[in-house]
$ cat coords-v4.pdb   # PDB, N, CA and C atoms
ATOM      1  N   SER E   1       0.822  -1.206   0.000
ATOM      2  CA  SER E   1       0.000   0.000   0.000
ATOM      3  C   SER E   1       0.859   1.261   0.000
ATOM      4  N   ARG E   2       2.030   1.199   0.667
ATOM      5  CA  ARG E   2       2.912   2.378   0.660
ATOM      6  C   ARG E   2       3.415   2.693  -0.739
ATOM      7  N   LEU E   3       3.722   1.662  -1.496
ATOM      8  CA  LEU E   3       4.196   1.858  -2.867
ATOM      9  C   LEU E   3       3.126   2.546  -3.704
ATOM     10  N   ALA E   4       1.890   2.096  -3.577
ATOM     11  CA  ALA E   4       0.796   2.689  -4.341
ATOM     12  C   ALA E   4       0.573   4.143  -3.954
ATOM     13  N   MET E   5       0.613   4.419  -2.677
ATOM     14  CA  MET E   5       0.379   5.786  -2.221
ATOM     15  C   MET E   5       1.510   6.726  -2.631
ATOM     16  N   ARG E   6       2.726   6.264  -2.492
ATOM     17  CA  ARG E   6       3.878   7.124  -2.741
ATOM     18  C   ARG E   6       4.156   7.342  -4.223
ATOM     19  N   HIS E   7       3.995   6.299  -5.025
ATOM     20  CA  HIS E   7       4.398   6.370  -6.434
ATOM     21  C   HIS E   7       3.238   6.212  -7.414
ATOM     22  N   GLY E   8       2.034   6.068  -6.927
ATOM     23  CA  GLY E   8       0.894   5.910  -7.814
ATOM     24  C   GLY E   8       0.899   4.593  -8.567
ATOM     25  N   VAL E   9       1.533   3.572  -8.002
ATOM     26  CA  VAL E   9       1.607   2.261  -8.632
ATOM     27  C   VAL E   9       0.505   1.394  -8.050
ATOM     28  N   ALA E  10      -0.264   0.773  -8.909
ATOM     29  CA  ALA E  10      -1.339  -0.098  -8.439
ATOM     30  C   ALA E  10      -1.132  -1.497  -8.996
ATOM     31  N   SER E  11      -0.958  -2.474  -8.106
ATOM     32  CA  SER E  11      -0.845  -3.881  -8.491
ATOM     33  C   SER E  11      -1.702  -4.688  -7.541
ATOM     34  N   SER E  12      -2.177  -5.809  -8.020
ATOM     35  CA  SER E  12      -2.987  -6.656  -7.152
ATOM     36  C   SER E  12      -2.098  -7.348  -6.131
ATOM     37  N   ARG E  13      -2.700  -7.718  -5.045
ATOM     38  CA  ARG E  13      -1.974  -8.430  -3.994
ATOM     39  C   ARG E  13      -1.409  -9.736  -4.539
ATOM     40  N   GLN E  14      -2.186 -10.400  -5.403
ATOM     41  CA  GLN E  14      -1.744 -11.659  -6.000
ATOM     42  C   GLN E  14      -0.520 -11.439  -6.892
ATOM     43  N   ALA E  15      -0.508 -10.381  -7.696
ATOM     44  CA  ALA E  15       0.623 -10.093  -8.578
ATOM     45  C   ALA E  15       1.890  -9.836  -7.767
ATOM     46  N   ILE E  16       1.748  -9.077  -6.695
ATOM     47  CA  ILE E  16       2.908  -8.783  -5.849
ATOM     48  C   ILE E  16       3.426 -10.057  -5.201
ATOM     49  N   SER E  17       2.522 -10.909  -4.726
ATOM     50  CA  SER E  17       2.927 -12.180  -4.119
ATOM     51  C   SER E  17       3.682 -13.052  -5.120
ATOM     52  N   GLN E  18       3.219 -13.070  -6.368
ATOM     53  CA  GLN E  18       3.896 -13.860  -7.397
ATOM     54  C   GLN E  18       5.290 -13.310  -7.679
ATOM     55  N   HIS E  19       5.420 -11.998  -7.735
ATOM     56  CA  HIS E  19       6.741 -11.389  -7.961
ATOM     57  C   HIS E  19       7.685 -11.693  -6.802
ATOM     58  N   LEU E  20       7.183 -11.589  -5.584
ATOM     59  CA  LEU E  20       8.014 -11.894  -4.414
ATOM     60  C   LEU E  20       8.429 -13.358  -4.401
ATOM     61  N   ALA E  21       7.550 -14.247  -4.838
ATOM     62  CA  ALA E  21       7.886 -15.672  -4.902
ATOM     63  C   ALA E  21       9.029 -15.915  -5.886
ATOM     64  N   VAL E  22       9.011 -15.232  -7.014
ATOM     65  CA  VAL E  22      10.097 -15.362  -8.002
ATOM     66  C   VAL E  22      11.411 -14.866  -7.394
ATOM     67  N   LEU E  23      11.355 -13.737  -6.695
ATOM     68  CA  LEU E  23      12.564 -13.198  -6.063
ATOM     69  C   LEU E  23      13.078 -14.128  -4.965
ATOM     70  N   GLU E  24      12.170 -14.756  -4.219
ATOM     71  CA  GLU E  24      12.586 -15.727  -3.201
ATOM     72  C   GLU E  24      13.242 -16.940  -3.851
ATOM     73  N   ASP E  25      12.648 -17.447  -4.937
ATOM     74  CA  ASP E  25      13.216 -18.600  -5.639
ATOM     75  C   ASP E  25      14.610 -18.309  -6.185
ATOM     76  N   SER E  26      14.862 -17.058  -6.541
ATOM     77  CA  SER E  26      16.173 -16.686  -7.084
ATOM     78  C   SER E  26      17.188 -16.364  -5.995
ATOM     79  N   GLY E  27      16.747 -16.317  -4.741
ATOM     80  CA  GLY E  27      17.671 -16.040  -3.643
ATOM     81  C   GLY E  27      17.888 -14.565  -3.369
ATOM     82  N   LEU E  28      17.143 -13.700  -4.031
ATOM     83  CA  LEU E  28      17.303 -12.260  -3.814
ATOM     84  C   LEU E  28      16.485 -11.757  -2.635
ATOM     85  N   VAL E  29      15.475 -12.506  -2.238
ATOM     86  CA  VAL E  29      14.597 -12.110  -1.143
ATOM     87  C   VAL E  29      14.354 -13.323  -0.252
ATOM     88  N   SER E  30      14.301 -13.087   1.045
ATOM     89  CA  SER E  30      13.854 -14.122   1.979
ATOM     90  C   SER E  30      12.724 -13.528   2.800
ATOM     91  N   SER E  31      11.948 -14.394   3.429
ATOM     92  CA  SER E  31      10.827 -13.886   4.209
ATOM     93  C   SER E  31      10.694 -14.669   5.495
ATOM     94  N   GLU E  32      10.040 -14.041   6.464
ATOM     95  CA  GLU E  32       9.743 -14.695   7.734
ATOM     96  C   GLU E  32       8.383 -14.199   8.210
ATOM     97  N   ARG E  33       7.712 -15.035   8.923
ATOM     98  CA  ARG E  33       6.403 -14.660   9.461
ATOM     99  C   ARG E  33       6.566 -14.186  10.892
ATOM    100  N   SER E  34       5.833 -13.131  11.206
ATOM    101  CA  SER E  34       5.759 -12.606  12.564
ATOM    102  C   SER E  34       4.277 -12.370  12.847
ATOM    103  N   GLY E  35       3.631 -13.368  13.434
ATOM    104  CA  GLY E  35       2.183 -13.281  13.618
ATOM    105  C   GLY E  35       1.491 -13.346  12.277
ATOM    106  N   ARG E  36       0.648 -12.370  11.993
ATOM    107  CA  ARG E  36      -0.058 -12.325  10.705
ATOM    108  C   ARG E  36       0.742 -11.580   9.645
ATOM    109  N   THR E  37       1.885 -11.040  10.028
ATOM    110  CA  THR E  37       2.703 -10.237   9.122
ATOM    111  C   THR E  37       3.814 -11.086   8.497
ATOM    112  N   LYS E  38       4.063 -10.880   7.222
ATOM    113  CA  LYS E  38       5.165 -11.542   6.527
ATOM    114  C   LYS E  38       6.192 -10.471   6.211
ATOM    115  N   ILE E  39       7.392 -10.647   6.726
ATOM    116  CA  ILE E  39       8.455  -9.660   6.560
ATOM    117  C   ILE E  39       9.432 -10.168   5.505
ATOM    118  N   HIS E  40       9.715  -9.323   4.505
ATOM    119  CA  HIS E  40      10.634  -9.683   3.423
ATOM    120  C   HIS E  40      11.962  -8.958   3.603
ATOM    121  N   HIS E  41      13.040  -9.669   3.283
ATOM    122  CA  HIS E  41      14.386  -9.114   3.381
ATOM    123  C   HIS E  41      15.057  -9.214   2.011
ATOM    124  N   LEU E  42      15.628  -8.118   1.551
ATOM    125  CA  LEU E  42      16.329  -8.078   0.274
ATOM    126  C   LEU E  42      17.795  -8.420   0.482
ATOM    127  N   HIS E  43      18.310  -9.337  -0.325
ATOM    128  CA  HIS E  43      19.726  -9.723  -0.272
ATOM    129  C   HIS E  43      20.431  -9.073  -1.460
ATOM    130  N   THR E  44      21.243  -8.086  -1.188
ATOM    131  CA  THR E  44      21.859  -7.302  -2.259
ATOM    132  C   THR E  44      23.184  -7.875  -2.764
ATOM    133  N   GLY E  45      23.711  -8.891  -2.109
ATOM    134  CA  GLY E  45      24.997  -9.471  -2.521
ATOM    135  C   GLY E  45      25.028  -9.876  -3.986
ATOM    136  N   PRO E  46      24.070 -10.682  -4.459
ATOM    137  CA  PRO E  46      24.093 -11.074  -5.875
ATOM    138  C   PRO E  46      23.983  -9.873  -6.823
ATOM    139  N   LEU E  47      23.205  -8.875  -6.446
ATOM    140  CA  LEU E  47      23.089  -7.675  -7.287
ATOM    141  C   LEU E  47      24.404  -6.912  -7.317
ATOM    142  N   ARG E  48      25.063  -6.848  -6.165
ATOM    143  CA  ARG E  48      26.356  -6.164  -6.082
ATOM    144  C   ARG E  48      27.379  -6.846  -6.991
ATOM    145  N   GLU E  49      27.359  -8.181  -7.005
ATOM    146  CA  GLU E  49      28.287  -8.925  -7.868
ATOM    147  C   GLU E  49      28.071  -8.593  -9.339
ATOM    148  N   ILE E  50      26.815  -8.479  -9.744
ATOM    149  CA  ILE E  50      26.507  -8.138 -11.137
ATOM    150  C   ILE E  50      27.026  -6.745 -11.462
ATOM    151  N   VAL E  51      26.807  -5.808 -10.583
ATOM    152  CA  VAL E  51      27.265  -4.434 -10.804
ATOM    153  C   VAL E  51      28.784  -4.397 -10.931
ATOM    154  N   GLU E  52      29.474  -5.142 -10.084
ATOM    155  CA  GLU E  52      30.941  -5.155 -10.140
ATOM    156  C   GLU E  52      31.450  -5.788 -11.427
ATOM    157  N   ARG E  53      30.757  -6.820 -11.915
ATOM    158  CA  ARG E  53      31.169  -7.474 -13.162
ATOM    159  C   ARG E  53      30.949  -6.582 -14.370
ATOM    160  N   TRP E  54      29.859  -5.811 -14.365
ATOM    161  CA  TRP E  54      29.467  -5.035 -15.528
ATOM    162  C   TRP E  54      29.831  -3.564 -15.414
ATOM    163  N   ALA E  55      30.488  -3.184 -14.338
ATOM    164  CA  ALA E  55      30.821  -1.771 -14.143
ATOM    165  C   ALA E  55      31.789  -1.315 -15.237
ATOM    166  N   ILE E  56      31.535  -0.127 -15.745
ATOM    167  CA  ILE E  56      32.379   0.483 -16.771
ATOM    168  C   ILE E  56      32.995   1.736 -16.173
ATOM    169  N   ASP E  57      34.294   1.853 -16.301
ATOM    170  CA  ASP E  57      34.975   3.034 -15.785
ATOM    171  C   ASP E  57      34.869   4.128 -16.844
ATOM    172  N   ARG E  58      33.950   5.052 -16.662
ATOM    173  CA  ARG E  58      33.678   6.117 -17.638
ATOM    174  C   ARG E  58      34.819   7.146 -17.683
ATOM    175  N   ARG E  59      35.654   7.184 -16.662
ATOM    176  CA  ARG E  59      36.751   8.165 -16.655
ATOM    177  C   ARG E  59      37.791   7.881 -17.728
ATOM    178  N   SER E  60      37.874   6.618 -18.166
ATOM    179  CA  SER E  60      38.912   6.264 -19.145
ATOM    180  C   SER E  60      38.449   6.513 -20.587
ATOM    181  N   GLU E  61      37.164   6.875 -20.775
ATOM    182  CA  GLU E  61      36.670   7.136 -22.126
ATOM    183  C   GLU E  61      37.137   8.501 -22.604
ATOM    184  N   PRO E  62      37.400   8.621 -23.936
ATOM    185  CA  PRO E  62      37.883   9.919 -24.478
ATOM    186  C   PRO E  62      36.821  10.991 -24.442
TER     187      PRO E  62
END

$ encode --input "coords-v4.pdb" --output "structure tokens"
Amino acid sequence: SRLAMRHGVASSRQAISQHLAVLEDSGLVSSERSGRTKIHHLHTGPLREIVERWAIDRRSEP
């Protein structure tokens, strides 16, 4: 709901759950339950590795 309010993005709860499931399957997100609440954690390590592999040093360009 915060995303929709802040950025005007509207997605169904089911669509968001499906996207989060894909991210969990890929290891980018993990989740835990706390009562009725499901808390998601983003793992940035794999993303950082991609950035380091594909980083271009723009200072060396003419």

$ atom_distance --input "coords-v4.pdb" --atom1 "atom C of Leu28 (chain E)" --atom2 "CA of His40 (chain E)"
8.7 Å

$ select_by_dssp --input "coords-v4.pdb" --residues "chain E" --states "helix (DSSP H, G or I)" --output "PyMOL selection string"
chain E and resi 2-7+13-25+45-54+58-60

$ atom_distance --input "coords-v4.pdb" --atom1 "CA of Arg48 (chain E)" --atom2 "CA of Glu32 (chain E)"
23.2 Å

$ residues_around --input "coords-v4.pdb" --residues "Ser31 (chain E)" --least-positions-apart "4" --cutoff "9 Å" --atoms "only C-alpha atoms" --output "count of residues only"
6

$ atom_distance --input "coords-v4.pdb" --atom1 "CA of Ile16 (chain E)" --atom2 "CA of Pro46 (chain E)"
21.3 Å

$ select_by_dssp --input "coords-v4.pdb" --residues "chain E" --states "strand (DSSP E or B)" --output "list of chain:residue names"
E:Val29, E:Ser30, E:Ser31, E:Glu32, E:Arg33, E:Ser34, E:Thr37, E:Lys38, E:Ile39, E:His40, E:His41, E:Leu42
